[in-house]
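Listing of entry.txt, compact mmCIF, C-alpha atoms
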# COMPACT_ATOMS: atom_id res chain seq x y z
CA MET N 92 142.24 110.60 88.25
CA ASP N 93 144.04 109.32 85.18
CA LYS N 94 142.51 111.19 82.21
CA THR N 95 142.37 108.10 80.00
CA LEU N 96 140.46 106.17 82.67
CA LEU N 97 138.16 109.16 83.16
CA ALA N 98 137.43 109.22 79.39
CA TYR N 99 136.70 105.47 79.44
CA LEU N 100 134.32 105.77 82.40
CA ILE N 101 132.41 108.72 80.93
CA TYR N 102 132.27 106.97 77.55
CA LEU N 103 130.83 103.82 79.13
CA ALA N 104 128.31 105.77 81.21
CA ILE N 105 127.04 107.82 78.22
CA SER N 106 126.95 104.78 75.91
CA ILE N 107 125.09 102.57 78.37
CA VAL N 108 122.52 105.27 79.17
CA LEU N 109 122.00 105.99 75.44
CA THR N 110 121.62 102.30 74.56
CA VAL N 111 119.18 101.67 77.39
CA TRP N 112 117.16 104.76 76.43
CA VAL N 113 116.90 103.76 72.76
CA ALA N 114 116.10 100.14 73.72
CA LYS N 115 113.33 101.36 76.04
CA THR N 116 111.89 103.59 73.32
CA LEU N 117 111.98 100.69 70.89
CA HIS N 118 110.38 98.36 73.43
CA LYS N 119 107.61 100.78 74.35
CA ASN N 120 106.65 101.90 70.82
CA GLY N 121 107.41 98.63 69.08
CA ARG N 122 104.96 96.78 71.31
CA ILE N 123 101.96 98.87 70.21
CA PHE N 124 102.94 98.31 66.58
CA LEU N 125 103.43 94.55 66.97
CA VAL N 126 100.17 94.04 68.92
CA ASP N 127 98.37 95.66 65.98
CA VAL N 128 100.26 93.59 63.41
CA PHE N 129 99.55 90.34 65.27
CA HIS N 130 95.83 91.19 65.63
CA GLY N 131 95.92 91.70 69.39
CA ASN N 132 97.91 88.52 70.14
CA GLU N 133 99.77 90.17 73.03
CA PRO N 134 101.93 87.21 74.16
CA LEU N 135 103.30 86.81 70.61
CA ALA N 136 103.83 90.57 70.22
CA ASP N 137 105.64 90.74 73.58
CA SER N 138 107.80 87.77 72.68
CA VAL N 139 108.87 89.18 69.29
CA ASN N 140 109.36 92.62 70.82
CA HIS N 141 111.53 91.25 73.60
CA LEU N 142 113.67 89.20 71.20
CA LEU N 143 114.24 92.24 68.99
CA VAL N 144 115.24 94.41 71.94
CA VAL N 145 117.64 91.73 73.25
CA GLY N 146 119.31 91.56 69.83
CA PHE N 147 119.45 95.34 69.66
CA CYS N 148 121.09 95.59 73.12
CA LEU N 149 123.59 92.80 72.42
CA ILE N 150 124.80 94.40 69.17
CA ASN N 151 125.05 97.86 70.70
CA PHE N 152 126.80 96.81 73.89
CA GLY N 153 129.10 94.66 71.76
CA TYR N 154 130.00 97.68 69.66
CA VAL N 155 130.46 99.92 72.73
CA SER N 156 132.75 97.34 74.26
CA LEU N 157 134.83 96.82 71.10
CA ALA N 158 135.16 100.55 70.47
CA LEU N 159 136.27 101.36 74.02
CA GLN N 160 140.00 101.01 73.59
CA LEU N 161 141.75 104.26 72.73
CA GLY N 162 145.17 102.79 71.90
CA TYR N 163 147.11 105.61 73.57
CA ARG N 164 147.14 107.48 76.88
CA ILE N 165 145.65 110.94 77.25
CA GLU N 166 148.51 113.04 78.65
CA SER N 167 147.39 116.56 77.78
CA ASP N 168 144.50 118.67 79.09
CA TYR N 169 140.82 117.88 79.61
CA ALA N 170 139.99 119.29 76.19
CA GLN N 171 141.43 116.15 74.69
CA VAL N 172 139.19 114.05 76.96
CA VAL N 173 136.18 115.91 75.52
CA GLU N 174 137.46 115.45 71.96
CA VAL N 175 137.97 111.73 72.44
CA LEU N 176 134.57 111.41 74.06
CA SER N 177 132.79 113.30 71.29
CA ASN N 178 134.40 111.04 68.69
CA LYS N 179 133.62 107.80 70.51
CA VAL N 180 130.09 108.81 71.53
CA GLY N 181 129.44 110.08 67.99
CA TRP N 182 130.17 106.62 66.58
CA VAL N 183 127.97 105.01 69.24
CA LEU N 184 125.13 107.36 68.20
CA ILE N 185 125.59 106.49 64.54
CA VAL N 186 125.57 102.75 65.29
CA LEU N 187 122.50 103.18 67.50
CA GLY N 188 120.75 105.15 64.77
CA GLY N 189 121.64 102.51 62.18
CA MET N 190 120.38 99.73 64.43
CA HIS N 191 117.22 101.68 65.16
CA PHE N 192 116.44 102.05 61.45
CA PHE N 193 117.26 98.37 60.96
CA ASN N 194 114.67 97.55 63.63
CA LEU N 195 112.10 99.75 61.91
CA LEU N 196 112.84 97.84 58.72
CA VAL N 197 112.27 94.54 60.57
CA PHE N 198 108.97 95.88 61.95
CA SER N 199 107.81 96.97 58.51
CA ARG N 200 108.81 93.58 57.02
CA ILE N 201 106.83 91.78 59.72
CA ARG N 202 103.89 94.09 59.05
CA ARG N 203 104.07 93.44 55.30
CA ARG N 204 104.27 89.69 55.73
CA VAL N 205 101.22 89.68 57.98
CA ILE N 206 99.09 92.41 56.39
CA ILE N 207 99.62 91.92 52.64
CA PRO N 208 98.08 88.42 52.30
CA GLU N 209 94.93 89.81 53.93
CA LEU N 210 94.48 92.81 51.63
CA PRO N 211 91.08 92.63 49.91
CA PRO N 212 90.76 93.06 46.11
CA PRO N 213 91.65 96.70 45.41
CA VAL N 214 89.08 97.06 42.60
CA GLN N 215 85.34 96.43 42.53
CA PRO N 216 84.01 93.90 39.99
CA ASP N 217 82.37 95.35 36.84
CA SER N 218 79.44 92.95 37.07
CA CYS N 219 78.26 89.60 38.36
CA THR N 220 77.51 86.52 36.25
CA ILE N 221 76.37 82.91 36.48
CA VAL N 222 79.18 80.34 36.75
CA HIS N 223 78.67 76.71 35.77
CA GLY N 224 80.66 73.90 37.36
CA MET B 96 84.59 87.54 54.20
CA ASP B 97 86.85 85.20 52.26
CA THR B 98 88.13 87.13 49.28
CA ASN B 99 90.57 84.47 48.12
CA ILE B 100 88.07 82.83 45.75
CA PRO B 101 89.58 81.01 42.72
CA LEU B 102 89.81 83.10 39.57
CA THR B 103 89.41 82.16 35.92
CA VAL B 104 91.36 84.18 33.38
CA LEU B 105 89.87 84.36 29.89
CA TYR B 106 92.83 85.04 27.63
CA ASP B 107 93.15 85.46 23.89
CA LYS B 108 95.04 82.41 22.60
CA ARG B 109 95.68 84.08 19.20
CA CYS B 110 98.02 86.66 20.72
CA VAL B 111 101.63 85.81 21.62
CA LEU B 112 101.75 88.46 24.36
CA CYS B 113 98.65 86.97 26.03
CA ARG B 114 100.13 83.46 25.88
CA ARG B 115 103.38 84.71 27.38
CA LEU B 116 101.50 86.53 30.14
CA ARG B 117 99.55 83.37 30.86
CA LYS B 118 102.79 81.40 31.16
CA TRP B 119 104.28 84.07 33.44
CA LEU B 120 101.17 84.13 35.62
CA GLU B 121 101.21 80.33 35.87
CA GLU B 122 104.77 80.36 37.14
CA GLN B 123 104.20 82.96 39.88
CA PRO B 124 103.51 81.96 43.50
CA LYS B 125 99.87 82.82 44.24
CA TYR B 126 97.55 83.64 47.09
CA VAL B 127 94.56 82.76 44.92
CA GLU B 128 94.15 79.76 42.63
CA MET B 129 94.02 80.79 38.96
CA LYS B 130 92.63 78.88 36.00
CA PHE B 131 93.20 79.85 32.39
CA ILE B 132 90.60 79.33 29.69
CA GLU B 133 90.83 80.41 26.08
CA ALA B 134 88.51 83.37 25.49
CA ALA B 135 85.32 82.58 23.50
CA SER B 136 86.13 78.86 23.60
CA LYS B 137 83.47 76.19 24.13
CA GLU B 138 84.57 75.79 27.73
CA ALA B 139 84.34 79.54 28.36
CA CYS B 140 80.85 79.69 26.82
CA TYR B 141 79.74 76.73 28.93
CA ARG B 142 81.16 78.00 32.21
CA PHE B 143 80.05 81.61 31.80
CA PRO B 144 76.90 81.55 29.62
CA ASP B 145 75.88 85.18 30.34
CA VAL B 146 79.20 86.79 29.42
CA ASP B 147 79.62 88.66 26.10
CA HIS B 148 82.31 86.34 24.71
CA ASN B 149 83.15 88.52 21.71
CA ARG B 150 84.19 91.22 24.15
CA THR B 151 86.48 88.82 26.00
CA LEU B 152 88.51 88.60 22.78
CA THR B 153 89.20 92.33 22.87
CA GLU B 154 89.78 92.86 26.59
CA LEU B 155 91.21 90.66 29.29
CA THR B 156 88.44 89.25 31.48
CA VAL B 157 88.80 87.60 34.87
CA ILE B 158 85.87 85.90 36.61
CA SER B 159 85.90 84.62 40.17
CA ASP B 160 84.18 81.34 41.05
CA ASN B 161 81.41 83.27 42.78
CA GLY B 162 80.67 85.20 39.58
CA TRP B 163 82.42 88.53 39.94
CA VAL B 164 83.54 89.79 36.54
CA TYR B 165 86.60 92.03 36.17
CA LYS B 166 87.30 93.52 32.75
CA GLY B 167 90.18 95.37 31.12
CA GLU B 168 92.41 97.26 33.56
CA LYS B 169 90.52 95.87 36.57
CA ALA B 170 91.24 92.35 35.31
CA TRP B 171 94.96 93.17 35.10
CA VAL B 172 94.93 94.57 38.63
CA ILE B 173 93.08 91.51 39.97
CA CYS B 174 95.66 89.22 38.30
CA LEU B 175 98.47 91.08 40.08
CA TRP B 176 96.49 91.00 43.34
CA ALA B 177 96.31 87.20 43.12
CA LEU B 178 100.13 86.92 43.09
CA GLN B 179 102.18 86.79 46.27
CA GLU B 180 104.92 89.05 44.96
CA TYR B 181 102.61 91.65 43.42
CA ARG B 182 99.63 92.05 45.75
CA GLU B 183 101.08 95.24 47.22
CA TRP B 184 101.74 96.53 43.70
CA ALA B 185 98.12 95.87 42.76
CA VAL B 186 96.95 97.92 45.74
CA THR B 187 99.39 100.74 44.92
CA LEU B 188 98.36 100.78 41.24
CA SER B 189 94.68 101.03 42.19
CA SER B 190 95.19 104.21 44.21
CA PRO B 191 93.31 107.23 42.81
CA GLU B 192 96.64 108.87 41.85
CA LEU B 193 98.06 105.94 39.88
CA PHE B 194 95.00 104.17 38.51
CA PRO B 195 94.41 106.60 35.59
CA LEU B 196 98.05 106.13 34.52
CA ALA B 197 97.79 102.35 34.87
CA GLN B 198 94.54 102.49 32.85
CA ARG B 199 96.23 104.37 30.01
CA MET B 200 99.20 102.00 29.97
CA ILE B 201 97.01 98.91 29.97
CA MET B 202 94.77 100.33 27.22
CA TRP B 203 97.85 101.07 25.13
CA VAL B 204 99.25 97.56 25.61
CA SER B 205 95.83 96.01 24.92
CA SER B 206 95.24 97.95 21.73
CA ASN B 207 98.76 97.24 20.49
CA ARG B 208 99.00 93.66 21.67
CA PHE B 209 99.22 92.16 18.16
CA LYS B 210 102.01 94.60 17.22
CA ILE B 211 103.83 93.75 20.46
CA SER B 212 103.24 90.05 19.75
CA LYS B 213 104.89 90.49 16.32
CA LEU B 214 107.93 92.05 17.97
CA LEU B 215 108.06 89.15 20.44
CA GLY B 216 108.02 86.74 17.49
Output the file's structure in the form of structure tokens.
Amino acid sequence: MDKTLLAYLIYLAISIVLTVWVAKTLHKNGRIFLVDVFHGNEPLADSVNHLLVVGFCLINFGYVSLALQLGYRIESDYAQVVEVLSNKVGWVLIVLGGMHFFNLLVFSRIRRRVIIPELPPPVQPDSCTIVHG
Amino acid sequence: MDTNIPLTVLYDKRCVLCRRLRKWLEEQPKYVEMKFIEAASKEACYRFPDVDHNRTLTELTVISDNGWVYKGEKAWVICLWALQEYREWAVTLSSPELFPLAQRMIMWVSSNRFKISKLLG
């Protein structure tokens, strides 16, 4: 098989598996978090969770697709295939990691927006008094 | 339990810093309605007859409409807690690790408020 095509196919396989794995992790663990944040409102939590995962997958697959092209043909040995793959997959991992942290940030923002307005007074009153009108 | 009960801030009108803080507090988006009454004024004495009004001239006092009285550093924290942008800060400042530091800072500002007011013009 043409070595360049082989590199492309392995790159796509690794990238797709990695993206799906991270998306599944995000979906599974994000749901528990969102159900808690939305006070047990499961349909809303599922909806937000699903939308986040769709966005995550679209951006990652978009990046994988854009970064596929090598720009030259691999003519030498298989070592170069491995080198090319490690470089390409390395970037995919970094983008996935960045997106994953971005999602965590989104989760924490959602949590803050929902939780903070409900925080009770953090200090106890010194005393109680009569209030007129 | 509804904790978002309107608050009344008794502030010292004689001090520039207090007036500026009042203005700043008025401009902030809030979770809790806040009213401002001059400390030891007729209105303050009428609304809160049991409060030691001379003391409200020396330390910031905040009273909720259901009668809870917060004094000094607690009053400062409760003012921050009422604001949308600073509620999280208020909770952080009240943690056992930070509250003593916040207390010292607030006491310093309170005891030097007329000096600070002079600097502010």
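One finds atom CA of Arg204 of chain N at 28.0 Å from atom CA of Gln198 of chain B.
Omitting segment 157-166 of chain N and its sequence neighbours fewer than 6 positions away, and counting only C-alpha atoms, the residues within 8 Å are N:Lys94, N:Thr95, N:Tyr99, N:Tyr102, N:Leu103, N:Val172, N:Lys179.
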Inset, instruction - Identify all chain B residues at most 9 Å from chain N by counting all atoms listed in the file; ligands do not count. Present them as a count of residues only. - result: 34
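Proximity ranking of B:Leu196, B:Leu112, B:Ala134, B:Leu102 relative to Asp147 of chain B places B:Ala134 first, based on only C-alpha atoms.
In this structure, atom CA of Glu133 of chain B sits 8.2 Å away from atom CA of Val104 of chain B.
Between atom CA of Asp137 of chain N and atom CA of Ile123 of chain N the separation is 9.5 Å.
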Around all listed atoms of segment 130-148 of chain N, padded 3 Å per side, what centre and edge lengths does the axis-aligned box have in Å to one decimal, as JSON?
{"center_x": 108.5, "center_y": 91.2, "center_z": 69.9, "size_x": 31.3, "size_y": 14.8, "size_z": 14.5}
Can you list, as a tab-separated table (two decimals) with C-alpha atoms, in the coordinates of the input, every protein, DNA or RNA residue that comes within 9 Å of Ala135 of chain B when you count only C-alpha atoms, leaving out same-chain residues fewer than 4 positions away?
chain	number	residue	atom	x	y	z
B	105	LEU	CA	89.87	84.36	29.89
B	106	TYR	CA	92.83	85.04	27.63
B	107	ASP	CA	93.15	85.46	23.89
B	139	ALA	CA	84.34	79.54	28.36
B	140	CYS	CA	80.85	79.69	26.82
B	147	ASP	CA	79.62	88.66	26.10
B	148	HIS	CA	82.31	86.34	24.71
B	149	ASN	CA	83.15	88.52	21.71
B	150	ARG	CA	84.19	91.22	24.15
B	151	THR	CA	86.48	88.82	26.00
B	152	LEU	CA	88.51	88.60	22.78
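Within the 9 Å cut-off around Glu121 of chain B, using all atoms listed in the file and omitting residues fewer than 5 positions from it on the same chain, the listed residues are Leu116, Met129, Lys130 and Phe131 of chain B.
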Inset, instruction - May I ask which of the residues N:Pro134, N:Val108, N:Gly146, N:Leu97 is the closest one to Val183 of chain N, counting all atoms listed in the file? - result: N:Val108
Legend entry - Contact residues around Val144 of chain N with all atoms listed in the file at 12 Å, ignoring same-chain residues under 3 positions, as an NGL selection string: :N and (110-122 or 137-141 or 147-152 or 190-191 or 193-195 or 197-198)
